[in-house]
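*Asks:* Enclosed is the structure file upload.txt (compact mmCIF, N, CA and C atoms and all ligand atoms).
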```txt
# COMPACT_ATOMS: atom_id res chain seq x y z
N MET O 218 0.85 -1.20 0.00
CA MET O 218 0.00 0.00 0.00
C MET O 218 0.89 1.25 0.00
N ALA O 219 0.41 2.24 -0.70
CA ALA O 219 1.22 3.45 -0.82
C ALA O 219 0.33 4.64 -1.13
N ILE O 220 0.80 5.79 -0.70
CA ILE O 220 0.14 7.04 -1.08
C ILE O 220 0.82 7.53 -2.36
N LEU O 221 0.03 7.68 -3.40
CA LEU O 221 0.58 8.10 -4.69
C LEU O 221 0.43 9.61 -4.85
N ASN O 222 1.25 10.16 -5.73
CA ASN O 222 1.16 11.59 -6.03
C ASN O 222 -0.04 11.85 -6.96
N ILE O 223 -0.86 12.81 -6.59
CA ILE O 223 -2.01 13.19 -7.42
C ILE O 223 -1.58 14.33 -8.34
N ILE O 224 -1.71 14.09 -9.65
CA ILE O 224 -1.30 15.14 -10.57
C ILE O 224 -2.37 16.23 -10.63
N LYS O 225 -1.92 17.44 -10.94
CA LYS O 225 -2.79 18.60 -10.86
C LYS O 225 -3.09 19.18 -12.25
N GLU O 226 -4.15 19.96 -12.26
CA GLU O 226 -4.54 20.65 -13.50
C GLU O 226 -3.33 21.39 -14.07
N GLY O 227 -3.17 21.30 -15.38
CA GLY O 227 -1.99 21.88 -16.01
C GLY O 227 -1.07 20.78 -16.51
N ASP O 228 -1.11 19.63 -15.83
CA ASP O 228 -0.38 18.46 -16.32
C ASP O 228 -1.18 17.87 -17.47
N GLU O 229 -0.59 17.78 -18.63
CA GLU O 229 -1.36 17.39 -19.82
C GLU O 229 -1.83 15.93 -19.77
N THR O 230 -1.26 15.14 -18.87
CA THR O 230 -1.72 13.74 -18.72
C THR O 230 -3.21 13.70 -18.41
N LEU O 231 -3.69 14.69 -17.65
CA LEU O 231 -5.11 14.71 -17.27
C LEU O 231 -6.02 14.84 -18.48
N ARG O 232 -5.48 15.28 -19.60
CA ARG O 232 -6.29 15.48 -20.81
C ARG O 232 -6.21 14.30 -21.77
N LYS O 233 -5.50 13.27 -21.37
CA LYS O 233 -5.34 12.11 -22.26
C LYS O 233 -6.45 11.08 -22.04
N ILE O 234 -6.64 10.24 -23.05
CA ILE O 234 -7.65 9.17 -22.99
C ILE O 234 -7.00 7.95 -22.34
N SER O 235 -7.67 7.39 -21.36
CA SER O 235 -7.14 6.19 -20.70
C SER O 235 -7.50 4.95 -21.50
N ARG O 236 -6.63 3.96 -21.44
CA ARG O 236 -6.84 2.70 -22.18
C ARG O 236 -7.57 1.68 -21.31
N PRO O 237 -8.38 0.83 -21.98
CA PRO O 237 -9.06 -0.21 -21.22
C PRO O 237 -8.06 -1.18 -20.56
N VAL O 238 -8.51 -1.78 -19.48
CA VAL O 238 -7.75 -2.84 -18.83
C VAL O 238 -8.12 -4.14 -19.54
N THR O 239 -7.12 -4.85 -20.03
CA THR O 239 -7.39 -6.10 -20.76
C THR O 239 -7.21 -7.32 -19.87
N GLU O 240 -6.44 -7.17 -18.81
CA GLU O 240 -6.21 -8.28 -17.90
C GLU O 240 -5.99 -7.72 -16.50
N ILE O 241 -6.68 -8.32 -15.53
CA ILE O 241 -6.55 -7.84 -14.16
C ILE O 241 -5.38 -8.57 -13.50
N THR O 242 -4.26 -7.89 -13.54
CA THR O 242 -3.01 -8.46 -13.04
C THR O 242 -2.81 -8.06 -11.58
N PRO O 243 -1.88 -8.69 -10.88
CA PRO O 243 -1.55 -8.24 -9.52
C PRO O 243 -1.21 -6.76 -9.46
N ARG O 244 -0.61 -6.27 -10.53
CA ARG O 244 -0.25 -4.84 -10.58
C ARG O 244 -1.50 -3.96 -10.54
N ILE O 245 -2.56 -4.39 -11.24
CA ILE O 245 -3.81 -3.64 -11.24
C ILE O 245 -4.42 -3.66 -9.83
N LEU O 246 -4.35 -4.81 -9.17
CA LEU O 246 -4.92 -4.90 -7.81
C LEU O 246 -4.15 -4.01 -6.85
N THR O 247 -2.84 -3.97 -6.99
CA THR O 247 -2.03 -3.09 -6.15
C THR O 247 -2.39 -1.63 -6.42
N LEU O 248 -2.61 -1.32 -7.71
CA LEU O 248 -3.00 0.04 -8.06
C LEU O 248 -4.33 0.41 -7.39
N LEU O 249 -5.29 -0.50 -7.41
CA LEU O 249 -6.59 -0.24 -6.76
C LEU O 249 -6.37 0.05 -5.26
N ASP O 250 -5.55 -0.76 -4.62
CA ASP O 250 -5.28 -0.56 -3.18
C ASP O 250 -4.61 0.79 -2.94
N ASP O 251 -3.64 1.10 -3.77
CA ASP O 251 -2.92 2.37 -3.60
C ASP O 251 -3.83 3.57 -3.89
N MET O 252 -4.71 3.41 -4.87
CA MET O 252 -5.66 4.49 -5.16
C MET O 252 -6.57 4.74 -3.96
N LYS O 253 -7.01 3.67 -3.32
CA LYS O 253 -7.87 3.83 -2.13
C LYS O 253 -7.12 4.58 -1.03
N ASP O 254 -5.91 4.17 -0.76
CA ASP O 254 -5.10 4.85 0.27
C ASP O 254 -4.91 6.31 -0.10
N THR O 255 -4.64 6.55 -1.36
CA THR O 255 -4.38 7.92 -1.82
C THR O 255 -5.63 8.79 -1.70
N MET O 256 -6.77 8.22 -2.07
CA MET O 256 -8.04 8.96 -1.97
C MET O 256 -8.36 9.27 -0.51
N HIS O 257 -8.19 8.28 0.36
CA HIS O 257 -8.47 8.52 1.78
C HIS O 257 -7.52 9.57 2.35
N HIS O 258 -6.26 9.46 1.99
CA HIS O 258 -5.25 10.39 2.49
C HIS O 258 -5.57 11.82 2.07
N ALA O 259 -6.13 11.96 0.86
CA ALA O 259 -6.45 13.29 0.33
C ALA O 259 -7.85 13.74 0.73
N ASP O 260 -8.57 12.86 1.46
CA ASP O 260 -9.92 13.18 1.92
C ASP O 260 -10.86 13.43 0.74
N GLY O 261 -10.73 12.60 -0.29
CA GLY O 261 -11.59 12.72 -1.46
C GLY O 261 -12.66 11.65 -1.47
N CYS O 262 -13.60 11.79 -2.41
CA CYS O 262 -14.67 10.78 -2.50
C CYS O 262 -14.63 10.07 -3.85
N GLY O 263 -13.55 10.27 -4.61
CA GLY O 263 -13.39 9.55 -5.86
C GLY O 263 -12.02 9.82 -6.43
N LEU O 264 -11.55 8.88 -7.23
CA LEU O 264 -10.23 9.04 -7.85
C LEU O 264 -10.18 8.18 -9.11
N ALA O 265 -9.59 8.73 -10.14
CA ALA O 265 -9.37 7.98 -11.38
C ALA O 265 -7.88 7.69 -11.51
N ALA O 266 -7.57 6.55 -12.14
CA ALA O 266 -6.16 6.15 -12.26
C ALA O 266 -5.31 7.22 -12.93
N VAL O 267 -5.89 7.92 -13.90
CA VAL O 267 -5.13 8.96 -14.60
C VAL O 267 -4.65 10.03 -13.62
N GLN O 268 -5.37 10.22 -12.53
CA GLN O 268 -4.96 11.25 -11.57
C GLN O 268 -3.70 10.86 -10.80
N VAL O 269 -3.36 9.59 -10.84
CA VAL O 269 -2.07 9.18 -10.27
C VAL O 269 -1.12 8.79 -11.40
N GLY O 270 -1.43 9.27 -12.61
CA GLY O 270 -0.51 9.14 -13.73
C GLY O 270 -0.58 7.82 -14.48
N VAL O 271 -1.63 7.03 -14.21
CA VAL O 271 -1.76 5.73 -14.88
C VAL O 271 -2.93 5.81 -15.86
N LEU O 272 -2.64 5.72 -17.15
CA LEU O 272 -3.69 5.91 -18.17
C LEU O 272 -4.43 4.61 -18.44
N ARG O 273 -5.13 4.15 -17.42
CA ARG O 273 -5.95 2.95 -17.50
C ARG O 273 -7.36 3.29 -17.04
N ARG O 274 -8.35 2.56 -17.61
CA ARG O 274 -9.74 2.89 -17.30
C ARG O 274 -10.14 2.26 -15.97
N ILE O 275 -9.74 2.91 -14.90
CA ILE O 275 -10.01 2.46 -13.54
C ILE O 275 -10.41 3.66 -12.70
N VAL O 276 -11.51 3.53 -11.98
CA VAL O 276 -11.90 4.58 -11.04
C VAL O 276 -12.34 3.94 -9.72
N ILE O 277 -12.23 4.72 -8.67
CA ILE O 277 -12.83 4.33 -7.39
C ILE O 277 -13.70 5.48 -6.91
N VAL O 278 -14.75 5.12 -6.20
CA VAL O 278 -15.69 6.11 -5.67
C VAL O 278 -16.10 5.67 -4.28
N GLU O 279 -16.11 6.60 -3.34
CA GLU O 279 -16.57 6.30 -1.98
C GLU O 279 -17.19 7.56 -1.40
N VAL O 280 -18.47 7.74 -1.64
CA VAL O 280 -19.13 8.94 -1.13
C VAL O 280 -19.71 8.67 0.26
N GLU O 281 -19.97 7.42 0.54
CA GLU O 281 -20.43 7.04 1.87
C GLU O 281 -19.30 6.23 2.50
N PRO O 282 -18.74 6.72 3.62
CA PRO O 282 -17.56 6.06 4.18
C PRO O 282 -17.78 4.55 4.34
N GLY O 283 -16.85 3.77 3.84
CA GLY O 283 -16.93 2.33 3.96
C GLY O 283 -17.61 1.65 2.79
N VAL O 284 -18.27 2.43 1.93
CA VAL O 284 -18.91 1.84 0.74
C VAL O 284 -18.08 2.23 -0.48
N LEU O 285 -17.15 1.35 -0.80
CA LEU O 285 -16.18 1.65 -1.86
C LEU O 285 -16.57 0.95 -3.15
N TYR O 286 -16.62 1.70 -4.22
CA TYR O 286 -16.84 1.14 -5.56
C TYR O 286 -15.50 1.14 -6.29
N GLU O 287 -15.10 -0.03 -6.75
CA GLU O 287 -13.91 -0.15 -7.58
C GLU O 287 -14.38 -0.56 -8.97
N LEU O 288 -14.19 0.29 -9.95
CA LEU O 288 -14.78 0.09 -11.27
C LEU O 288 -13.69 0.07 -12.34
N ILE O 289 -13.61 -1.06 -13.02
CA ILE O 289 -12.62 -1.24 -14.09
C ILE O 289 -13.37 -1.22 -15.42
N ASN O 290 -12.86 -0.44 -16.36
CA ASN O 290 -13.52 -0.24 -17.66
C ASN O 290 -14.99 0.19 -17.50
N PRO O 291 -15.26 1.15 -16.64
CA PRO O 291 -16.66 1.53 -16.39
C PRO O 291 -17.28 2.27 -17.57
N ARG O 292 -18.58 2.07 -17.76
CA ARG O 292 -19.29 2.85 -18.77
C ARG O 292 -20.70 3.11 -18.28
N ILE O 293 -21.19 4.29 -18.58
CA ILE O 293 -22.54 4.66 -18.17
C ILE O 293 -23.50 4.06 -19.19
N VAL O 294 -24.42 3.23 -18.72
CA VAL O 294 -25.34 2.55 -19.63
C VAL O 294 -26.75 3.12 -19.55
N ALA O 295 -27.03 3.91 -18.53
CA ALA O 295 -28.34 4.56 -18.44
C ALA O 295 -28.21 5.79 -17.55
N PHE O 296 -28.99 6.81 -17.88
CA PHE O 296 -29.00 7.99 -17.02
C PHE O 296 -30.37 8.64 -17.09
N ALA O 297 -30.69 9.40 -16.06
CA ALA O 297 -31.99 10.06 -16.01
C ALA O 297 -31.90 11.32 -15.17
N GLY O 298 -32.76 12.28 -15.53
CA GLY O 298 -32.87 13.49 -14.72
C GLY O 298 -31.68 14.41 -14.88
N GLU O 299 -31.63 15.38 -14.00
CA GLU O 299 -30.59 16.39 -14.08
C GLU O 299 -30.34 16.95 -12.69
N GLN O 300 -29.11 17.32 -12.42
CA GLN O 300 -28.79 18.02 -11.18
C GLN O 300 -27.72 19.05 -11.47
N ARG O 301 -27.77 20.13 -10.74
CA ARG O 301 -26.77 21.19 -10.85
C ARG O 301 -26.26 21.45 -9.46
N GLU O 302 -25.05 20.97 -9.19
CA GLU O 302 -24.49 21.06 -7.84
C GLU O 302 -23.02 21.45 -7.92
N GLU O 303 -22.48 21.85 -6.77
CA GLU O 303 -21.07 22.19 -6.67
C GLU O 303 -20.24 20.91 -6.72
N GLU O 304 -19.12 21.00 -7.40
CA GLU O 304 -18.24 19.86 -7.56
C GLU O 304 -16.80 20.30 -7.38
N GLY O 305 -15.99 19.41 -6.88
CA GLY O 305 -14.56 19.68 -6.77
C GLY O 305 -13.78 18.49 -7.29
N CYS O 306 -12.46 18.63 -7.27
CA CYS O 306 -11.61 17.56 -7.82
C CYS O 306 -10.26 17.60 -7.11
N LEU O 307 -9.74 16.43 -6.78
CA LEU O 307 -8.44 16.39 -6.10
C LEU O 307 -7.31 16.92 -6.98
N SER O 308 -7.56 16.98 -8.29
CA SER O 308 -6.54 17.55 -9.19
C SER O 308 -6.67 19.06 -9.35
N LEU O 309 -7.71 19.64 -8.76
CA LEU O 309 -7.89 21.09 -8.75
C LEU O 309 -8.15 21.53 -7.31
N PRO O 310 -7.15 21.38 -6.47
CA PRO O 310 -7.36 21.60 -5.04
C PRO O 310 -7.83 23.03 -4.74
N GLY O 311 -8.77 23.12 -3.80
CA GLY O 311 -9.23 24.42 -3.34
C GLY O 311 -10.25 25.07 -4.24
N LYS O 312 -10.64 24.38 -5.33
CA LYS O 312 -11.60 24.98 -6.25
C LYS O 312 -12.90 24.20 -6.24
N GLN O 313 -13.95 24.89 -6.62
CA GLN O 313 -15.26 24.26 -6.77
C GLN O 313 -16.00 24.94 -7.90
N GLY O 314 -16.94 24.22 -8.48
CA GLY O 314 -17.77 24.82 -9.50
C GLY O 314 -19.05 24.04 -9.67
N ARG O 315 -20.06 24.74 -10.17
CA ARG O 315 -21.36 24.09 -10.36
C ARG O 315 -21.40 23.44 -11.74
N THR O 316 -21.79 22.17 -11.76
CA THR O 316 -21.87 21.44 -13.03
C THR O 316 -23.28 20.94 -13.25
N LYS O 317 -23.53 20.57 -14.50
CA LYS O 317 -24.79 19.90 -14.84
C LYS O 317 -24.49 18.42 -15.05
N ARG O 318 -25.20 17.58 -14.31
CA ARG O 318 -25.01 16.12 -14.41
C ARG O 318 -26.37 15.45 -14.41
N PRO O 319 -26.43 14.20 -14.88
CA PRO O 319 -27.67 13.44 -14.69
C PRO O 319 -27.94 13.25 -13.19
N TYR O 320 -29.21 13.15 -12.82
CA TYR O 320 -29.52 12.92 -11.41
C TYR O 320 -29.24 11.47 -11.00
N ALA O 321 -29.43 10.56 -11.95
CA ALA O 321 -29.23 9.13 -11.66
C ALA O 321 -28.50 8.48 -12.83
N VAL O 322 -27.58 7.59 -12.51
CA VAL O 322 -26.89 6.85 -13.57
C VAL O 322 -26.75 5.39 -13.18
N THR O 323 -26.64 4.56 -14.21
CA THR O 323 -26.30 3.15 -14.03
C THR O 323 -24.99 2.91 -14.78
N VAL O 324 -24.09 2.23 -14.11
CA VAL O 324 -22.74 2.02 -14.64
C VAL O 324 -22.47 0.52 -14.73
N ARG O 325 -21.91 0.09 -15.84
CA ARG O 325 -21.42 -1.29 -15.95
C ARG O 325 -19.90 -1.25 -15.95
N ALA O 326 -19.32 -2.23 -15.28
CA ALA O 326 -17.87 -2.27 -15.14
C ALA O 326 -17.46 -3.68 -14.76
N LEU O 327 -16.17 -3.88 -14.65
CA LEU O 327 -15.64 -5.10 -14.05
C LEU O 327 -15.22 -4.77 -12.63
N ASN O 328 -15.39 -5.73 -11.74
CA ASN O 328 -14.83 -5.56 -10.41
C ASN O 328 -13.43 -6.16 -10.37
N ARG O 329 -12.80 -6.15 -9.21
CA ARG O 329 -11.41 -6.58 -9.12
C ARG O 329 -11.23 -8.08 -9.39
N HIS O 330 -12.36 -8.80 -9.39
CA HIS O 330 -12.29 -10.23 -9.70
C HIS O 330 -12.56 -10.50 -11.18
N GLY O 331 -12.75 -9.43 -11.95
CA GLY O 331 -13.00 -9.60 -13.38
C GLY O 331 -14.44 -9.91 -13.70
N GLU O 332 -15.32 -9.75 -12.71
CA GLU O 332 -16.74 -10.02 -12.92
C GLU O 332 -17.46 -8.77 -13.39
N GLU O 333 -18.38 -8.95 -14.33
CA GLU O 333 -19.17 -7.82 -14.82
C GLU O 333 -20.16 -7.42 -13.73
N ILE O 334 -20.17 -6.15 -13.36
CA ILE O 334 -21.11 -5.68 -12.35
C ILE O 334 -21.88 -4.47 -12.90
N GLU O 335 -23.03 -4.23 -12.30
CA GLU O 335 -23.83 -3.07 -12.66
C GLU O 335 -24.19 -2.36 -11.36
N VAL O 336 -23.89 -1.07 -11.29
CA VAL O 336 -24.19 -0.31 -10.09
C VAL O 336 -24.97 0.95 -10.49
N SER O 337 -25.85 1.38 -9.60
CA SER O 337 -26.64 2.57 -9.86
C SER O 337 -26.46 3.56 -8.73
N GLY O 338 -26.56 4.83 -9.06
CA GLY O 338 -26.44 5.85 -8.03
C GLY O 338 -27.29 7.05 -8.37
N GLN O 339 -27.67 7.77 -7.34
CA GLN O 339 -28.42 9.02 -7.49
C GLN O 339 -27.67 10.11 -6.76
N GLY O 340 -27.99 11.35 -7.12
CA GLY O 340 -27.45 12.49 -6.39
C GLY O 340 -25.93 12.50 -6.40
N LEU O 341 -25.36 12.65 -5.22
CA LEU O 341 -23.91 12.75 -5.09
C LEU O 341 -23.20 11.54 -5.69
N LEU O 342 -23.75 10.36 -5.47
CA LEU O 342 -23.10 9.15 -6.00
C LEU O 342 -23.09 9.17 -7.53
N ALA O 343 -24.20 9.57 -8.13
CA ALA O 343 -24.26 9.66 -9.59
C ALA O 343 -23.25 10.69 -10.10
N ARG O 344 -23.16 11.80 -9.38
CA ARG O 344 -22.21 12.86 -9.77
C ARG O 344 -20.78 12.33 -9.72
N ALA O 345 -20.50 11.58 -8.67
CA ALA O 345 -19.14 11.03 -8.51
C ALA O 345 -18.82 10.03 -9.62
N PHE O 346 -19.78 9.17 -9.95
CA PHE O 346 -19.54 8.23 -11.06
C PHE O 346 -19.25 9.00 -12.34
N CYS O 347 -20.07 9.99 -12.65
CA CYS O 347 -19.88 10.77 -13.88
C CYS O 347 -18.54 11.50 -13.89
N HIS O 348 -18.23 12.12 -12.76
CA HIS O 348 -16.98 12.88 -12.64
C HIS O 348 -15.77 11.99 -12.90
N GLU O 349 -15.75 10.82 -12.24
CA GLU O 349 -14.58 9.95 -12.36
C GLU O 349 -14.49 9.34 -13.75
N ILE O 350 -15.62 8.95 -14.32
CA ILE O 350 -15.60 8.35 -15.66
C ILE O 350 -15.18 9.40 -16.69
N ASP O 351 -15.58 10.64 -16.48
CA ASP O 351 -15.11 11.73 -17.35
C ASP O 351 -13.58 11.78 -17.41
N HIS O 352 -12.94 11.57 -16.24
CA HIS O 352 -11.47 11.62 -16.20
C HIS O 352 -10.86 10.65 -17.21
N LEU O 353 -11.53 9.52 -17.45
CA LEU O 353 -10.96 8.50 -18.33
C LEU O 353 -10.94 8.96 -19.79
N ASP O 354 -11.74 9.98 -20.08
CA ASP O 354 -11.75 10.55 -21.42
C ASP O 354 -11.10 11.93 -21.46
N GLY O 355 -10.32 12.22 -20.45
CA GLY O 355 -9.57 13.48 -20.43
C GLY O 355 -10.41 14.70 -20.10
N LYS O 356 -11.59 14.47 -19.53
CA LYS O 356 -12.47 15.60 -19.21
C LYS O 356 -12.41 15.93 -17.72
N LEU O 357 -12.52 17.22 -17.45
CA LEU O 357 -12.54 17.71 -16.07
C LEU O 357 -13.87 18.42 -15.81
N TYR O 358 -14.23 18.53 -14.53
CA TYR O 358 -15.53 19.14 -14.23
C TYR O 358 -15.63 20.57 -14.74
N ILE O 359 -14.47 21.23 -14.84
CA ILE O 359 -14.51 22.63 -15.32
C ILE O 359 -14.95 22.71 -16.78
N ASP O 360 -15.00 21.58 -17.47
CA ASP O 360 -15.52 21.57 -18.84
C ASP O 360 -17.04 21.58 -18.86
N ARG O 361 -17.64 21.37 -17.70
CA ARG O 361 -19.10 21.20 -17.64
C ARG O 361 -19.76 22.22 -16.72
N LEU O 362 -19.11 23.33 -16.50
CA LEU O 362 -19.67 24.34 -15.59
C LEU O 362 -20.95 24.94 -16.17
N VAL O 363 -21.87 25.26 -15.29
CA VAL O 363 -23.11 25.90 -15.73
C VAL O 363 -23.32 27.18 -14.93
ZN ZN I 1 -11.62 14.71 -10.42
```
Reformat the file's structure so that it appears as structure tokens.
*Replies:*
Amino acid sequence: MAILNIIKEGDETLRKISRPVTEITPRILTLLDDMKDTMHHADGCGLAAVQVGVLRRIVIVEVEPGVLYELINPRIVAFAGEQREEEGCLSLPGKQGRTKRPYAVTVRALNRHGEEIEVSGQGLLARAFCHEIDHLDGKLYIDRLV
């Protein structure tokens, strides 16, 4: 387990497209563990692998303490409604902005065991899923300000 360095806005890596995970290796599992430690250490509620400099389609989300989502190759398969709320990002420390997001989303992904899972969230959880998945396509919340 390790605390990784979180890259900040201005680093062009954040604007790159992350590649899918083709095989869940021990290295990927270690990355998931390190991402969790890093997110907790930074007091965040989500983190994408690209934020620690790894261009792989992996995100973690934990908006309710102890309820951790580890999502590999996540994709939004359904969404509904709309919300406009304040959002922040560990790569843009000290900043916040209001974004427009779906109110509810359903995400399909692989878990750490390589099993296909489907998770749904509303409100803050939906926002966190959208925010982190955006990172995998090089998008930041400041691209969606309203
Ligand atoms: Zn972020």
*Asks:* Check chain O with DSSP on the backbone and list each residue it calls strand (DSSP E), as number ranges by chain.
*Replies:* O: 263-265, 275-281, 284-297, 300-304, 314-318, 321-327, 333-339
*Asks:* Interatomic distance between atom C of Cys306 of chain O and atom N of Gly261 of chain O?
*Replies:*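 About the pair atom C of Cys306 of chain O and atom N of Gly261 of chain O: they are 8.5 Å apart.
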*Asks:* Using all atoms listed in the file, pick whichever of O:Leu264, O:Val324, O:Leu285, O:Val280 has the shortest atom-to-atom distance to ligand ZN 1 (chain I).
*Replies:*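 Among the listed residues, O:Leu264 lies closest to ligand ZN 1 (chain I).
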*Asks:* Could the residues of chain O that have an atom at most 8 Å from ligand ZN 1 (chain I) be listed as JSON lines, each with its closest atom pair and the distance in Å to one decimal, counting only N, CA and C atoms and all ligand atoms and ordered by chain and ascending residue number?
*Replies:*
```
{"residue": "O:Gly263", "atom": "C", "partner": "I:ZN1", "partner_atom": "ZN", "distance": 6.3}
{"residue": "O:Leu264", "atom": "CA", "partner": "I:ZN1", "partner_atom": "ZN", "distance": 6.4}
{"residue": "O:Ala265", "atom": "N", "partner": "I:ZN1", "partner_atom": "ZN", "distance": 6.3}
{"residue": "O:Gln268", "atom": "CA", "partner": "I:ZN1", "partner_atom": "ZN", "distance": 7.6}
{"residue": "O:Gly305", "atom": "C", "partner": "I:ZN1", "partner_atom": "ZN", "distance": 5.4}
{"residue": "O:Cys306", "atom": "CA", "partner": "I:ZN1", "partner_atom": "ZN", "distance": 3.9}
{"residue": "O:Leu307", "atom": "N", "partner": "I:ZN1", "partner_atom": "ZN", "distance": 4.4}
{"residue": "O:Ser308", "atom": "N", "partner": "I:ZN1", "partner_atom": "ZN", "distance": 5.1}
{"residue": "O:Leu309", "atom": "N", "partner": "I:ZN1", "partner_atom": "ZN", "distance": 6.5}
{"residue": "O:His348", "atom": "C", "partner": "I:ZN1", "partner_atom": "ZN", "distance": 5.5}
{"residue": "O:Glu349", "atom": "CA", "partner": "I:ZN1", "partner_atom": "ZN", "distance": 5.9}
{"residue": "O:Asp351", "atom": "C", "partner": "I:ZN1", "partner_atom": "ZN", "distance": 7.8}
{"residue": "O:His352", "atom": "CA", "partner": "I:ZN1", "partner_atom": "ZN", "distance": 6.6}
{"residue": "O:Lys356", "atom": "C", "partner": "I:ZN1", "partner_atom": "ZN", "distance": 7.4}
{"residue": "O:Leu357", "atom": "CA", "partner": "I:ZN1", "partner_atom": "ZN", "distance": 6.5}
{"residue": "O:Tyr358", "atom": "N", "partner": "I:ZN1", "partner_atom": "ZN", "distance": 6.2}
```
*Asks:* Using only C-alpha atoms for the distances, tell me which of O:Ala266, O:Lys312, O:Asn328, O:Ser337 is nearest to Leu353 of chain O.
*Replies:* O:Ala266
*Asks:* Between atom CA of Met252 of chain O and atom CA of Ile234 of chain O, measure the distance and give it in Å to one decimal.
*Replies:*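 A separation of 18.5 Å between them.
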*Asks:* So the first atom is atom CA of Glu304 of chain O and the second is atom C of Gly338 of chain O; what is the distance between them in Å, to one decimal place?
*Replies:*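 Atom C of Gly338 of chain O lies 15.7 Å from atom CA of Glu304 of chain O.
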*Asks:* Considering only C-alpha atoms, state which residue in the set O:Arg292, O:Arg301, O:Lys225, O:His257 is at the smallest distance from Ile334 of chain O.
*Replies:*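 Looking only at the distances to Ile334 of chain O, the closest residue turns out to be O:Arg292.
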